[in-house]
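Enquirer: So here's my_file.txt, just compact mmCIF, C-alpha atoms:
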```
# COMPACT_ATOMS: atom_id res chain seq x y z
CA MET A 365 -49.52 -7.19 -47.81
CA THR A 366 -52.00 -9.54 -46.17
CA PHE A 367 -52.31 -10.14 -42.43
CA LEU A 368 -50.75 -13.60 -42.87
CA GLN A 369 -47.75 -12.11 -44.69
CA LEU A 370 -47.26 -9.49 -41.95
CA THR A 371 -47.36 -12.21 -39.31
CA LEU A 372 -44.74 -14.26 -41.16
CA VAL A 373 -42.47 -11.19 -41.41
CA GLU A 374 -42.73 -10.59 -37.64
CA ILE A 375 -41.89 -14.23 -36.90
CA THR A 376 -38.88 -14.06 -39.23
CA ILE A 377 -37.55 -10.91 -37.50
CA LEU A 378 -37.89 -12.46 -34.04
CA ASP A 379 -36.09 -15.58 -35.22
CA ARG A 380 -33.08 -13.67 -36.50
CA PRO A 381 -29.93 -14.05 -34.34
CA GLY A 382 -29.54 -11.19 -31.91
CA ARG A 383 -33.07 -9.85 -32.37
CA ASN A 384 -34.54 -11.52 -29.31
CA THR A 385 -32.50 -10.06 -26.45
CA THR A 386 -34.26 -11.94 -23.65
CA ALA A 387 -31.49 -14.56 -23.38
CA LYS A 388 -28.80 -11.89 -23.17
CA HIS A 389 -30.23 -10.49 -19.95
CA MET A 390 -30.86 -13.73 -18.14
CA LYS A 391 -29.44 -13.69 -14.62
CA PRO A 392 -26.58 -16.14 -14.00
CA THR A 393 -27.46 -19.17 -11.96
CA ARG A 394 -26.17 -19.64 -8.43
CA GLN A 395 -23.65 -22.17 -9.71
CA GLN A 396 -22.42 -19.74 -12.37
CA GLN A 397 -22.02 -17.03 -9.73
CA GLN A 398 -20.04 -19.38 -7.50
CA GLU A 399 -17.82 -20.43 -10.41
CA ALA A 400 -17.18 -16.79 -11.34
CA HIS A 401 -16.37 -15.95 -7.72
CA GLU A 402 -13.95 -18.88 -7.47
CA GLU A 403 -12.28 -17.90 -10.73
CA ALA A 404 -11.82 -14.33 -9.50
CA ARG A 405 -10.39 -15.60 -6.20
CA LYS A 406 -7.89 -17.84 -8.00
CA HIS A 407 -6.85 -14.98 -10.27
CA LYS A 408 -6.31 -12.72 -7.25
CA LEU A 409 -4.18 -15.35 -5.50
CA GLU A 410 -2.11 -15.95 -8.62
CA MET A 411 -1.52 -12.23 -9.06
CA ARG A 412 -0.50 -11.92 -5.40
CA GLU A 413 1.98 -14.78 -5.79
CA ARG A 414 3.49 -13.14 -8.87
CA GLN A 415 3.84 -9.90 -6.92
CA ARG A 416 5.49 -11.66 -3.99
CA ALA A 417 7.89 -13.39 -6.36
CA SER A 418 8.92 -10.06 -7.91
CA VAL A 419 9.53 -8.54 -4.46
CA ALA A 420 11.50 -11.60 -3.33
CA LYS A 421 13.65 -11.37 -6.45
CA ALA A 422 14.39 -7.70 -5.76
CA ILE A 423 15.31 -8.50 -2.14
CA SER A 424 17.76 -11.16 -3.32
CA SER A 425 19.65 -8.53 -5.32
CA LEU A 426 20.33 -6.27 -2.30
CA ASN A 427 23.90 -5.89 -1.08
CA ASN A 428 24.95 -6.72 2.48
CA ASN A 429 24.61 -3.17 3.82
CA GLU A 430 21.12 -2.87 2.38
CA ARG A 431 20.13 -6.25 3.79
CA ASN A 432 21.29 -5.22 7.26
CA VAL A 433 19.26 -2.01 7.26
CA LEU A 434 16.24 -3.74 5.75
CA ALA A 435 16.37 -6.32 8.54
CA ARG A 436 15.97 -3.51 11.08
CA VAL A 437 13.09 -2.03 9.09
CA GLU A 438 11.34 -5.40 9.00
CA ASN A 439 11.94 -5.85 12.72
CA GLU A 440 10.00 -2.64 13.35
CA ILE A 441 7.26 -2.92 10.72
CA GLY A 442 7.08 -6.54 9.60
CA PRO A 443 8.37 -8.69 6.72
CA LEU A 444 8.54 -6.86 3.41
CA LEU A 445 6.68 -9.71 1.71
CA SER A 446 3.64 -8.95 3.88
CA TRP A 447 3.53 -5.26 2.92
CA PRO A 448 1.10 -3.89 0.34
CA HIS A 449 2.68 -4.50 -3.05
CA ALA A 450 2.85 -0.82 -4.02
CA GLU A 451 4.79 0.15 -0.89
CA ALA A 452 7.05 -2.91 -1.07
CA THR A 453 7.91 -2.04 -4.66
CA LEU A 454 8.69 1.57 -3.77
CA MET A 455 10.86 0.43 -0.87
CA LEU A 456 13.11 -1.50 -3.24
CA LYS A 457 13.46 1.13 -5.96
CA ASP A 458 16.83 2.81 -6.29
CA HIS A 459 15.27 6.19 -7.08
CA ILE A 460 11.90 7.61 -6.09
CA VAL A 461 10.28 10.77 -7.37
CA MET A 462 8.30 13.23 -5.26
CA ALA A 463 4.92 11.47 -5.26
CA GLU A 464 6.61 8.14 -4.55
CA ARG A 465 8.69 9.65 -1.73
CA PHE A 466 5.55 11.06 -0.17
CA ARG A 467 3.64 7.78 -0.33
CA LEU A 468 6.50 5.63 0.95
CA THR A 469 7.44 8.01 3.76
CA LEU A 470 3.83 8.22 4.92
CA PHE A 471 3.72 4.44 5.05
CA LEU A 472 7.00 4.11 6.97
CA LEU A 473 6.17 6.84 9.47
CA GLY A 474 2.57 5.71 9.83
CA ASN A 475 3.80 2.25 10.74
CA GLY A 476 6.11 3.58 13.42
CA LEU A 477 9.51 3.26 11.77
CA ASN A 478 12.29 5.01 13.65
CA PRO A 479 13.15 8.21 11.69
CA THR A 480 16.86 7.39 11.90
CA THR A 481 16.28 3.96 10.35
CA LEU A 482 14.16 5.55 7.63
CA ALA A 483 16.92 7.99 6.72
CA GLU A 484 19.58 5.28 6.86
CA TRP A 485 17.63 3.07 4.46
CA MET A 486 17.03 5.80 1.90
CA ILE A 487 20.67 6.88 1.98
CA THR A 488 22.07 3.35 1.87
CA ARG A 489 19.75 2.48 -1.00
CA ARG A 490 20.60 5.80 -2.74
CA MET A 491 16.97 6.59 -3.33
CA LEU A 492 17.36 10.36 -3.02
CA ARG A 493 19.26 11.85 -5.95
CA ASP A 494 19.63 15.49 -4.88
CA ASP A 495 19.28 18.03 -2.05
CA SER A 496 15.69 18.76 -3.03
CA ALA A 497 14.71 15.13 -2.49
CA ARG A 498 16.54 14.92 0.83
CA ASN A 499 15.01 18.20 2.03
CA HIS A 500 11.60 16.83 1.12
CA ILE A 501 12.08 13.91 3.51
CA CYS A 502 13.38 16.26 6.22
CA SER A 503 10.26 18.38 5.91
CA MET A 504 8.06 15.29 6.18
CA LEU A 505 9.89 14.21 9.34
CA ASP A 506 9.27 17.65 10.85
CA ALA A 507 5.62 17.54 9.79
CA HIS A 508 5.20 14.15 11.43
CA ARG A 509 6.92 15.15 14.67
CA THR A 510 4.83 18.31 15.01
CA GLY A 511 1.55 16.64 14.08
CA LYS A 512 1.05 18.48 10.79
CA LEU A 513 0.59 15.25 8.84
CA GLU A 514 -2.14 14.24 11.26
CA ALA A 515 -3.74 17.69 11.09
CA LYS A 516 -3.99 17.39 7.31
CA GLN A 517 -5.55 13.93 7.69
CA TYR A 518 -3.01 12.14 5.52
CA THR A 519 -3.62 8.41 5.59
CA THR A 520 -1.67 5.23 4.94
CA TYR A 521 -2.01 1.47 5.26
CA VAL A 522 -1.17 0.41 8.82
CA MET A 523 0.12 -3.15 9.12
CA LEU A 524 -1.01 -3.71 12.71
CA ALA A 525 -4.03 -1.44 12.77
CA GLY A 526 -6.18 -1.88 15.84
CA MET A 527 -9.95 -1.98 15.98
CA PRO A 528 -11.87 -0.32 18.83
CA PRO A 529 -13.41 -2.46 21.60
CA SER A 530 -16.59 -4.28 20.67
CA LYS A 531 -19.01 -6.73 22.23
CA GLU A 532 -17.06 -9.62 20.72
CA PHE A 533 -13.63 -8.13 21.54
CA PRO A 534 -14.01 -5.92 24.64
CA TYR A 535 -10.30 -5.03 24.61
CA GLY A 536 -10.13 -4.32 20.90
CA SER A 537 -8.59 -6.43 18.15
CA LEU A 538 -6.42 -6.28 15.06
CA ALA A 539 -8.08 -5.17 11.84
CA THR A 540 -8.53 -7.98 9.33
CA LYS A 541 -10.06 -6.03 6.43
CA ALA A 542 -7.85 -3.87 4.22
CA LYS A 543 -10.25 -0.92 4.39
CA ASP A 544 -9.98 -0.89 8.19
CA ARG A 545 -6.19 -0.66 7.99
CA VAL A 546 -6.14 2.68 6.19
CA MET A 547 -5.63 5.18 8.98
CA VAL A 548 -4.52 8.75 9.58
CA VAL A 549 -0.77 9.13 10.13
CA ALA A 550 -0.95 10.20 13.76
CA LYS A 551 1.69 12.18 15.62
CA PRO A 552 3.82 9.64 17.53
CA ASN A 553 3.59 9.52 21.31
CA PHE A 554 7.34 9.96 21.68
CA ALA A 555 7.53 13.03 19.41
CA ASP A 556 7.89 15.57 22.22
CA LEU A 557 10.00 13.50 24.61
CA PRO A 558 13.42 15.14 25.11
CA GLU A 559 15.14 11.75 25.28
CA CYS A 560 13.80 10.90 21.81
CA LEU A 561 14.70 14.15 20.10
CA HIS A 562 17.96 12.66 18.81
CA PHE A 563 16.02 10.25 16.57
CA TRP A 564 14.70 13.15 14.52
CA GLU A 565 17.91 15.18 14.61
CA ASN A 566 20.12 12.25 13.61
CA ALA A 567 17.82 11.44 10.71
CA LYS A 568 17.91 15.00 9.39
CA ARG A 569 21.70 15.22 9.75
CA MET A 570 22.07 12.01 7.77
CA LEU A 571 19.82 13.33 5.04
CA LYS A 572 21.46 16.74 4.80
CA ARG A 573 24.93 15.19 4.64
CA ASN A 574 23.76 12.32 2.45
CA SER A 575 25.68 10.02 4.76
CA VAL A 576 24.72 7.46 7.37
CA TYR A 577 27.44 8.88 9.61
CA ALA A 578 25.51 11.69 11.27
```
Take the structure in this file and express it as structure tokens.
Expert:
Amino acid sequence: MTFLQLTLVEITILDRPGRNTTAKHMKPTRQQQQEAHEEARKHKLEMRERQRASVAKAISSLNNNERNVLARVENEIGPLLSWPHAEATLMLKDHIVMAERFRLTLFLLGNGLNPTTLAEWMITRRMLRDDSARNHICSMLDAHRTGKLEAKQYTTYVMLAGMPPSKEFPYGSLATKAKDRVMVVAKPNFADLPECLHFWENAKRMLKRNSVYA
């Protein structure tokens, strides 16, 4: 094969579709990056709206007793529609397994929900199917009151997480980024106060009797 023939073969190979990979690895333009970012943002907003709609639909199906207890929960933590979707979904399930119980209870306790209200919601909603499930929640209440959850560094999403003082906010501020709202479930300040002991005891009595009438 002559030099000219070899050259023609090389040109033919380079001209074949897919052989020249230079175009494949070209960096997107600034406009393309902005368009991709905007598309991702729109998709995220649409997904969030679908999630909110599913939670709102589940709330609308609650009975009057459940609505009354949920109103007290929201008064202490904040509107259910503003919760992380995973926790909001668990809150509205009519049965939760062990891993789900653990996650939801961490969230409720970490956000300062009264233990009695927590127990009342789970019983009213019939989320705990047997003694094992109810004992699990009792043990988590004890672990929270004694600081064992904090000692093990269990974390949850805190709705009103505070940020430490800074130059811009010398008295601290509320966290605005999701990553800054994931915090250790700290032992509550009122845990050892004698006048607050009934919160924990009432909650455990409700759970053990599977009745809101402690």
Enquirer: Skip A:Arg436 itself and residues of its chain fewer than 6 positions away, then list as an NGL selection string all residues within 12 Å of it, counting all atoms listed in the file.
Expert: :A and (429-430 or 442-444 or 477-478 or 480-482 or 484-485)
Enquirer: List the neighbours of stretch 516-521 of chain A out to 6 Å using all atoms listed in the file; skip same-chain residues closer than 5 positions along the sequence, and give me the result as JSON, numbers by chain.
Expert: {"A": [471, 545, 546, 547, 548, 549]}
Enquirer: Identify, on the basis of all atoms listed in the file, every residue whose closest approach to A:Arg569 does not exceed 12 Å; exclude the query and any residue fewer than 3 positions from it along the same chain; express the result as a list of chain:residue names.
Expert: A:Pro479, A:Thr480, A:Ala483, A:Glu484, A:Ile487, A:Arg498, A:Asn499, A:Ile501, A:Cys502, A:Leu505, A:His562, A:Phe563, A:Trp564, A:Glu565, A:Asn566, A:Lys572, A:Arg573, A:Asn574, A:Ser575, A:Val576, A:Tyr577, A:Ala578
Enquirer: Go ahead and save the residues from that selection, with C-alpha atoms, as a PDB file, in the frame of the given file.
Expert:
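See selection_16.pdb below for the written result:
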```
ATOM      1  CA  PRO A 479      13.150   8.210  11.690  1.00  0.00           C
ATOM      2  CA  THR A 480      16.860   7.390  11.900  1.00  0.00           C
ATOM      3  CA  ALA A 483      16.920   7.990   6.720  1.00  0.00           C
ATOM      4  CA  GLU A 484      19.580   5.280   6.860  1.00  0.00           C
ATOM      5  CA  ILE A 487      20.670   6.880   1.980  1.00  0.00           C
ATOM      6  CA  ARG A 498      16.540  14.920   0.830  1.00  0.00           C
ATOM      7  CA  ASN A 499      15.010  18.200   2.030  1.00  0.00           C
ATOM      8  CA  ILE A 501      12.080  13.910   3.510  1.00  0.00           C
ATOM      9  CA  CYS A 502      13.380  16.260   6.220  1.00  0.00           C
ATOM     10  CA  LEU A 505       9.890  14.210   9.340  1.00  0.00           C
ATOM     11  CA  HIS A 562      17.960  12.660  18.810  1.00  0.00           C
ATOM     12  CA  PHE A 563      16.020  10.250  16.570  1.00  0.00           C
ATOM     13  CA  TRP A 564      14.700  13.150  14.520  1.00  0.00           C
ATOM     14  CA  GLU A 565      17.910  15.180  14.610  1.00  0.00           C
ATOM     15  CA  ASN A 566      20.120  12.250  13.610  1.00  0.00           C
ATOM     16  CA  LYS A 572      21.460  16.740   4.800  1.00  0.00           C
ATOM     17  CA  ARG A 573      24.930  15.190   4.640  1.00  0.00           C
ATOM     18  CA  ASN A 574      23.760  12.320   2.450  1.00  0.00           C
ATOM     19  CA  SER A 575      25.680  10.020   4.760  1.00  0.00           C
ATOM     20  CA  VAL A 576      24.720   7.460   7.370  1.00  0.00           C
ATOM     21  CA  TYR A 577      27.440   8.880   9.610  1.00  0.00           C
ATOM     22  CA  ALA A 578      25.510  11.690  11.270  1.00  0.00           C
TER      23      ALA A 578
END
```
Enquirer: I'd like to know which of A:Lys531, A:Lys551, A:Lys421, A:Arg493 is closest to A:Glu514, using only C-alpha atoms.
Expert: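 Going through A:Lys531, A:Lys551, A:Lys421, A:Arg493 one by one, the smallest distance to A:Glu514 is for A:Lys551.
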Enquirer: Need to verify the contact set: A:Ala555, 9 Å, only C-alpha atoms, exclusion of same-chain residues closer than 5 positions in sequence. Can you return it as a compact mmCIF listing (two decimals) with C-alpha atoms, keeping the file's coordinate frame?
Expert:
```
# COMPACT_ATOMS: atom_id res chain seq x y z
CA HIS A 508 5.20 14.15 11.43
CA ARG A 509 6.92 15.15 14.67
CA THR A 510 4.83 18.31 15.01
CA GLY A 511 1.55 16.64 14.08
CA CYS A 560 13.80 10.90 21.81
CA LEU A 561 14.70 14.15 20.10
CA TRP A 564 14.70 13.15 14.52
```
Enquirer: Would you mind telling me which residue in A:Thr469, A:Asn475, A:Asn439, A:Ser418 lies nearest to A:Met491 when using all atoms listed in the file?
Expert: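 Smallest distance to A:Met491 is found for A:Thr469.
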Enquirer: Grab the atom CA of A:Asp544 to atom CA of A:Val522 distance for me, in Å with one decimal place.
Expert: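 Between these atoms lies a distance of 8.9 Å.
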Enquirer: Just checking: using all atoms listed in the file, which residue out of A:Phe533, A:Met504, A:Ala515, A:Asp556 ends up closest to A:Lys568?
Expert: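 Counting all atoms listed in the file, the residue closest to A:Lys568 is A:Met504.
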Enquirer: Just give me the gap between atom CA of A:Leu454 and atom CA of A:Pro552 in Å, one decimal is fine.
Expert: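 Atom-to-atom, atom CA of A:Leu454 and atom CA of A:Pro552 are spaced 23.3 Å apart.
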Enquirer: Between atom CA of A:Thr488 and atom CA of A:Lys512, what distance in Å does the model show, to one decimal?
Expert: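 Separating atom CA of A:Thr488 from atom CA of A:Lys512 is a distance of 27.4 Å.
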